[in-house]
Every structure is written in structure tokens, then in C-alpha cells.
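Enquirer: What follows is a structure written as C-alpha cells; I'll ask about it next.
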Amino acid sequence: MGKVVSPHAWHSAPGAAPQGGLRGLGRPGAAHEKMSILQVSGVAKSFAGRGGETVALQATDLLVQENDFITILGPSGCGKSTLLRMVAGLDTPSGGVITLDGRPVRGPGADRGMVFQSYTLFPWLTVLQNVCFGLREKGMPAAQQKETARHFLAKVGLKDFENHFPKQLSGGMQQRTALARALANNPRILLMDEPFGALDHQTRELMQELLLGIWEEERKTVLFVTHDIDESIFMGNRVVVMSARPGRIKCDLPVPLPHPRHYAMKTTPPFAELKARLTEEIRIEVRRAAGLEPALG
């Protein structure tokens with residue numbers, strides 16, 4: 001499986017040994033704060049309706065460090081996607097502030113790449129044209145657009161499909177195109193809202209390994225929303241668990257699994273141990289959401 005390194009070791013001096021491996025990832029401390037690129041401070045979200053105000057997200061704090069792959073796990077309606085959309089600038093917080101590289105997030109921007117669960121390609125554009133779209137909007141020369149787009153299409157295994165239209169692709173291929181489009185824009189952070197949720201089991205597992213491989217090569221920072229416990233462990237170096245609505249971050253757990261990762265890790269004792277912990281955490285929140293457990297005060 002090759003040499004095992006921590007993602008944070010990429011920032012070490014040449015030849016330096018990784019500091020602490022993956023086991024320490026996600027733990028608070030001064031060293032981690034210096035590396036944080038995204039800061040969510042006291043962010044809350046409420047929606048007004050006929051029955052009064054609904055609190056979707058309680059005041060929430062989250063620090064995201066360089067090269068983190070944070071998976072956000074929680075029951076339906078807990079505010080996972082709401083939090084992600086606010087980081088993307090698609091929704092506005094009711095309170096608190098979100099900063100990326102020290103600058104407040106006030107709307108969408110090219111520094112954040114978003115991949116949704118639904119297929120969001122332009123049906124009238126070819127695969128290549130879809131990936132070039134953001135590059136064209138940024139004013140990149142046409143030849144450089146195509147070179148960049150083809151580079152990322154090759155990474156997602158679609159170099160032979162650049163002239164196809166979305167309707168000619170499977171769901172997994174459409175999501176690979178969407179991933180290539182997001183990566184081609186070289187965002188500071190990649191935001192993914194259950195991107196594999198509509199895929200069949202086999203395709204989903206292939207996409208997980210593909211994305212992890214790209215993450216390890218491209219050194220991106222990722223926030224990844226999912227309902228799937230196995231996926232949250234396999235993909236993340238930290239798993240953030242959210243409570244039932246009104247949502248809040250209940251726990252933030254490091255994932256003590258080495259890189260590179262292979263699907264066989266899902267059968268190992270460390271994986272099973274963390275899965276058991278997360279299963280119980282989520283089960284409690286699902287029962288609270290269904291009114292079968294008392295809400296937290």
C-alpha cells in the first residue's frame with residue numbers, strides 16, 4: 001500500500017518525519033489554530049414560517065485546518081447541508097461569522113468549489129465544456145482552459161468522454177465530471193453535499209477511493225456531508241457529528257487510520273471500533289429527532 005503519511009506531514013520540511021500521525025488530527029491546540037483556513041464562529045441559522053421561527057442550527061463553532069478532510073455526519077434535518085451552504089455563501093447566517101483565510105464569507109466565490117448530490121451539469125454543454133465553464137468565466141485563455149480541463153478529466157477517468165453530453169453519461173460519470181469541474185477551478189476548499197448519495201453501492205465505493213486518491217495528490221481541504229457512517233470514517237481524517245434539530249456539533253472525532261486508504265480498511269478493528277462509537281452517537285440523535293429520546297437542554 002506504500003508509505004503511510006499524515007496529510008499534515010505534507011507541510012513538513014523535506015525529509016522531516018511526520019509529527020504524530022493521524023491519531024492527533026482534529027485535536028484543538030495552538031499549532032492547529034495557526035494552520036486553520038476556515039473558521040466558523042458562533043454561526044446559527046433560523047427560518048421564519050407561519051408557525052413561528054424554526055432554529056435549524058444553534059450557535060456553532062468549527063475550525064478547519066489546511067488539508068483537512070472533514071466529514072459531517074448527522075440525522076436528517078440536523079443542519080448539515082445548511083452549514084455547508086453557509087460556508088459556500090449560498091445561505092446567510094442568522095448569527096455569527098464565517099471566515100476563509102481571515103476574510104468574511106459574504107456570498108459565493110471561486111475560492112469554494114461545491115459538488116451537490118443532484119447532477120448539476122449543463123445539459124447543453126459537452127463534458128469538456130462543462131469543466132471549462134468556470135475557467136472561461138475567470139477569463140482563462142481557451143487553450144489553457146482545455147489543457148486544465150483535460151488534466152482533471154484524466155484524473156477522474158473521463159479523458160475519452162470529453163465530447164459526450166451529460167445525458168450520455170451514467171450517474172457516476174456525471175458526478176466525476178462535476179468533481180473535475182470543481183477541481184479545475186482550483187478552489188481553496190471543496191464543499192461536498194452528499195455527492196455520492198444517489199449512486200449505487202459499487203459506484204459509490206469506487207467514487208470514494210477516487211476522491212481520496214485525488215485528495216492525497218492535490219492536497220485540497222474538504223468539507224463532506226454524508227448520512228453514511230462507513231463513508232464518513234473511510235473518507236475523513238475527522239468526523240464531525242451533529243445533533244438532532246436544532247443542530248449543533250455534538251463531537252469532533254479524529255480518524256486514526258493511515259493513508260493511503262484501501263477499501264479493506266473497512267474490515268479492520270480500528271474501523272469497527274470507531275463505527276460502533278459513531279453508530280451509537282447517531283442512533284441517539286435519530287431517536288431524539290423522532291421524539292423517542294428527550295431533547296438536550
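The way I read the labels, and the way they are meant: chains A, B, ... in the order of the C-alpha cells, residue 1 as the first residue of every chain, and ligand 1 as the first ligand shown, with later ones counted on from there.
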Distance table requested - stretch 108-209 of chain A against stretch 250-273 of chain A, cut-off 10 Å, only C-alpha atoms: one row per qualifying residue with the closest atom pair and its distance in Å to one decimal, ordered by chain and rising residue number, as a tab-separated table.

Expert:
residue	atom	partner	partner_atom	distance
A:Glu205	CA	A:Tyr263	CA	7.9
A:Leu206	CA	A:Tyr263	CA	9.2
A:Gln208	CA	A:Tyr263	CA	9.1
A:Glu209	CA	A:His262	CA	7.3

Enquirer: Applying 12 Å and only C-alpha atoms, which residues near A:Glu217 remain after dropping the ones on its own chain fewer than 3 positions away? List them as a list in words.

Expert: Pro7, Trp10, Asn67, Phe152, Lys155, Leu183, Leu210, Leu211, Leu212, Gly213, Ile214, Lys220, Thr221, His259 and Pro260 of chain A

Enquirer: Env of A:Gly79: 6 Å cut, atoms = only C-alpha atoms, seq-sep filter 5 positions within chain, self excluded. Answer as an MDAnalysis selection string.

Expert: chainID A and resid 56:57 247

Enquirer: Write a file of the just-selected residues containing C-alpha atoms, as a tab-separated table (two decimals), in the first residue's frame.

Expert:
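Dumped to part_2.tsv:
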chain	number	residue	atom	x	y	z
A	56	ALA	CA	-32.16	24.92	12.11
A	57	LEU	CA	-28.69	25.41	13.55
A	247	GLY	CA	-28.44	21.18	15.18

Enquirer: May I have the residues within 8 Å of A:Pro195 as a list in words, using only C-alpha atoms and disregarding those fewer than 6 positions away in the same chain?

Expert: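 These residues fall inside the cut-off: Val115, Phe116, Gln117, Ser118 and Gln175 of chain A.
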
Enquirer: Once DSSP has gone over the backbone, tell me which residues of stretch 103-191 of chain A are in alpha helix (DSSP H), as JSON, numbers by chain.

Expert: {"A": [127, 128, 129, 130, 131, 132, 133, 134, 135, 136, 137, 142, 143, 144, 145, 146, 147, 148, 149, 150, 151, 152, 153, 154, 155, 171, 172, 173, 174, 175, 176, 177, 178, 179, 180, 181, 182, 183, 184]}

Enquirer: Store the residues picked out above, limited to C-alpha atoms, as a CSV table (one decimal), in the first residue's frame.

Expert:
chain,number,residue,atom,x,y,z
A,127,VAL,CA,-18.2,17.2,-20.7
A,128,LEU,CA,-15.2,19.3,-21.7
A,129,GLN,CA,-17.2,22.4,-22.0
A,130,ASN,CA,-18.8,21.8,-18.5
A,131,VAL,CA,-15.4,21.5,-16.9
A,132,CYS,CA,-14.1,24.6,-18.8
A,133,PHE,CA,-17.1,26.7,-17.8
A,134,GLY,CA,-15.7,28.2,-14.6
A,135,LEU,CA,-12.3,28.7,-16.2
A,136,ARG,CA,-13.9,30.6,-19.1
A,137,GLU,CA,-15.8,32.8,-16.6
A,142,ALA,CA,-9.2,28.9,-24.4
A,143,ALA,CA,-6.1,26.7,-24.9
A,144,GLN,CA,-5.3,26.8,-21.2
A,145,GLN,CA,-8.9,26.1,-20.3
A,146,LYS,CA,-8.8,22.9,-22.4
A,147,GLU,CA,-5.4,21.8,-21.0
A,148,THR,CA,-6.6,22.3,-17.4
A,149,ALA,CA,-9.9,20.6,-18.0
A,150,ARG,CA,-8.3,17.6,-19.8
A,151,HIS,CA,-5.8,17.2,-16.9
A,152,PHE,CA,-8.7,16.8,-14.4
A,153,LEU,CA,-10.8,14.7,-16.7
A,154,ALA,CA,-7.9,12.3,-16.9
A,155,LYS,CA,-7.7,12.2,-13.1
A,171,GLY,CA,-24.8,8.9,-12.7
A,172,GLY,CA,-21.3,8.1,-11.5
A,173,MET,CA,-19.7,9.6,-14.6
A,174,GLN,CA,-21.8,12.8,-14.2
A,175,GLN,CA,-20.5,13.1,-10.7
A,176,ARG,CA,-16.9,12.6,-11.8
A,177,THR,CA,-17.4,15.4,-14.3
A,178,ALA,CA,-18.8,17.6,-11.6
A,179,LEU,CA,-15.8,16.8,-9.4
A,180,ALA,CA,-13.4,17.6,-12.3
A,181,ARG,CA,-15.2,20.9,-12.8
A,182,ALA,CA,-14.8,21.8,-9.2
A,183,LEU,CA,-11.2,20.9,-9.0
A,184,ALA,CA,-10.3,22.6,-12.3

Enquirer: Identify, with DSSP run on backbone atoms, the residues in stretch 114-269 of chain A assigned to strand (DSSP E or B), and express the list as a PyMOL selection string.

Expert: chain A and resi 114-115+189-193+221-226+238-242+247+249-254

Enquirer: Can I get the selected residues back with N, CA and C atoms, as a short mmCIF file (atom, residue, chain, number, x, y, z; two decimals), in the first residue's frame?

Expert:
data_model
loop_
_atom_site.label_atom_id
_atom_site.label_comp_id
_atom_site.auth_asym_id
_atom_site.auth_seq_id
_atom_site.Cartn_x
_atom_site.Cartn_y
_atom_site.Cartn_z
N MET A 114 -18.19 23.68 -5.07
CA MET A 114 -19.34 22.97 -4.50
C MET A 114 -19.74 21.82 -5.41
N VAL A 115 -19.93 20.65 -4.80
CA VAL A 115 -20.45 19.48 -5.52
C VAL A 115 -21.69 19.01 -4.77
N ILE A 189 -11.11 25.52 -0.90
CA ILE A 189 -11.77 24.45 -0.15
C ILE A 189 -12.85 23.84 -1.02
N LEU A 190 -13.01 22.53 -0.91
CA LEU A 190 -14.01 21.79 -1.69
C LEU A 190 -15.16 21.42 -0.75
N LEU A 191 -16.38 21.79 -1.12
CA LEU A 191 -17.57 21.55 -0.31
C LEU A 191 -18.43 20.52 -1.03
N MET A 192 -18.75 19.42 -0.35
CA MET A 192 -19.45 18.31 -1.00
C MET A 192 -20.67 17.92 -0.17
N ASP A 193 -21.85 18.04 -0.77
CA ASP A 193 -23.11 17.78 -0.07
C ASP A 193 -23.69 16.45 -0.52
N THR A 221 -8.46 20.92 0.78
CA THR A 221 -9.20 20.89 2.04
C THR A 221 -10.66 20.61 1.68
N VAL A 222 -11.28 19.67 2.40
CA VAL A 222 -12.61 19.20 2.01
C VAL A 222 -13.55 19.20 3.22
N LEU A 223 -14.78 19.71 3.00
CA LEU A 223 -15.90 19.51 3.92
C LEU A 223 -16.90 18.64 3.18
N PHE A 224 -17.27 17.50 3.77
CA PHE A 224 -18.03 16.47 3.07
C PHE A 224 -19.21 16.04 3.94
N VAL A 225 -20.43 16.37 3.50
CA VAL A 225 -21.65 15.99 4.24
C VAL A 225 -22.10 14.61 3.79
N THR A 226 -22.45 13.75 4.76
CA THR A 226 -22.92 12.41 4.44
C THR A 226 -23.85 11.89 5.52
N ARG A 238 -11.23 13.64 10.05
CA ARG A 238 -12.04 13.99 11.22
C ARG A 238 -13.50 13.75 10.86
N VAL A 239 -14.27 13.27 11.85
CA VAL A 239 -15.71 13.13 11.68
C VAL A 239 -16.39 14.06 12.68
N VAL A 240 -17.18 14.99 12.16
CA VAL A 240 -17.96 15.90 12.99
C VAL A 240 -19.39 15.36 13.04
N VAL A 241 -19.86 15.08 14.25
CA VAL A 241 -21.22 14.56 14.44
C VAL A 241 -22.12 15.68 14.91
N MET A 242 -23.27 15.83 14.21
CA MET A 242 -24.22 16.87 14.58
C MET A 242 -25.44 16.27 15.27
N GLY A 247 -29.75 21.80 15.28
CA GLY A 247 -28.44 21.18 15.18
C GLY A 247 -27.35 21.92 15.91
N ILE A 249 -22.84 20.97 16.85
CA ILE A 249 -21.78 19.97 16.76
C ILE A 249 -21.68 19.26 18.10
N LYS A 250 -21.98 17.96 18.06
CA LYS A 250 -22.00 17.15 19.27
C LYS A 250 -20.61 16.64 19.62
N CYS A 251 -19.86 16.20 18.63
CA CYS A 251 -18.49 15.74 18.86
C CYS A 251 -17.68 15.84 17.57
N ASP A 252 -16.38 15.92 17.72
CA ASP A 252 -15.45 16.09 16.61
C ASP A 252 -14.34 15.07 16.84
N LEU A 253 -14.38 13.96 16.09
CA LEU A 253 -13.51 12.83 16.38
C LEU A 253 -12.44 12.64 15.31
N PRO A 254 -11.16 12.49 15.71
CA PRO A 254 -10.13 12.15 14.74
C PRO A 254 -10.30 10.71 14.26
#

Enquirer: For stretch 278-281 of chain A, work out the shell of residues within 8 Å, counting only C-alpha atoms and skipping chain neighbours fewer than 4 positions away, then give it as a list of chain:residue names.

Expert: A:Ile229, A:Val241, A:Leu274, A:Glu285

Enquirer: Could you tell me which of A:Ala244, A:Val55, A:Val156, A:Ile37 comes closest to A:Arg288 if we count only C-alpha atoms?

Expert: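 The answer is A:Ala244, which sits nearest to A:Arg288.
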
Enquirer: Record the distance separating atom CA of A:Cys78 and atom CA of A:Ala289, expressed in Å with one decimal.

Expert: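 A separation of 8.6 Å between them.
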
Enquirer: Return the single residue from A:Leu73, A:Met235, A:Ala48, A:Leu62 that is closest to A:Ser36, with distances computed using only C-alpha atoms.

Expert: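 Going through A:Leu73, A:Met235, A:Ala48, A:Leu62 one by one, the smallest distance to A:Ser36 is for A:Leu62.
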
Enquirer: Just the number, please: distance in Å from atom CA of A:Lys80 to atom CA of A:Gln39, one decimal.

Expert: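 Interatomic distance, atom CA of A:Lys80 to atom CA of A:Gln39: 16.0 Å.
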
Enquirer: Please compute the atom CA of A:Asp101-atom CA of A:Gln58 distance, one decimal, in Å.

Expert: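 Spanning atom CA of A:Asp101 to atom CA of A:Gln58 is a straight-line distance of 23.6 Å.
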
Enquirer: Excluding stretch 92-97 of chain A and its own-chain neighbours fewer than 2 positions away, which residues fall within 6 Å of it when counting only C-alpha atoms? Please give them as a PyMOL selection string.

Expert: chain A and resi 41-45+86

Enquirer: For A:Thr71, which residue out of A:Asp91, A:Glu162, A:Asp230, A:Asp111 is the nearest one, using only C-alpha atoms?

Expert: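 Nearest candidate to A:Thr71 out of A:Asp91, A:Glu162, A:Asp230, A:Asp111: A:Asp230.
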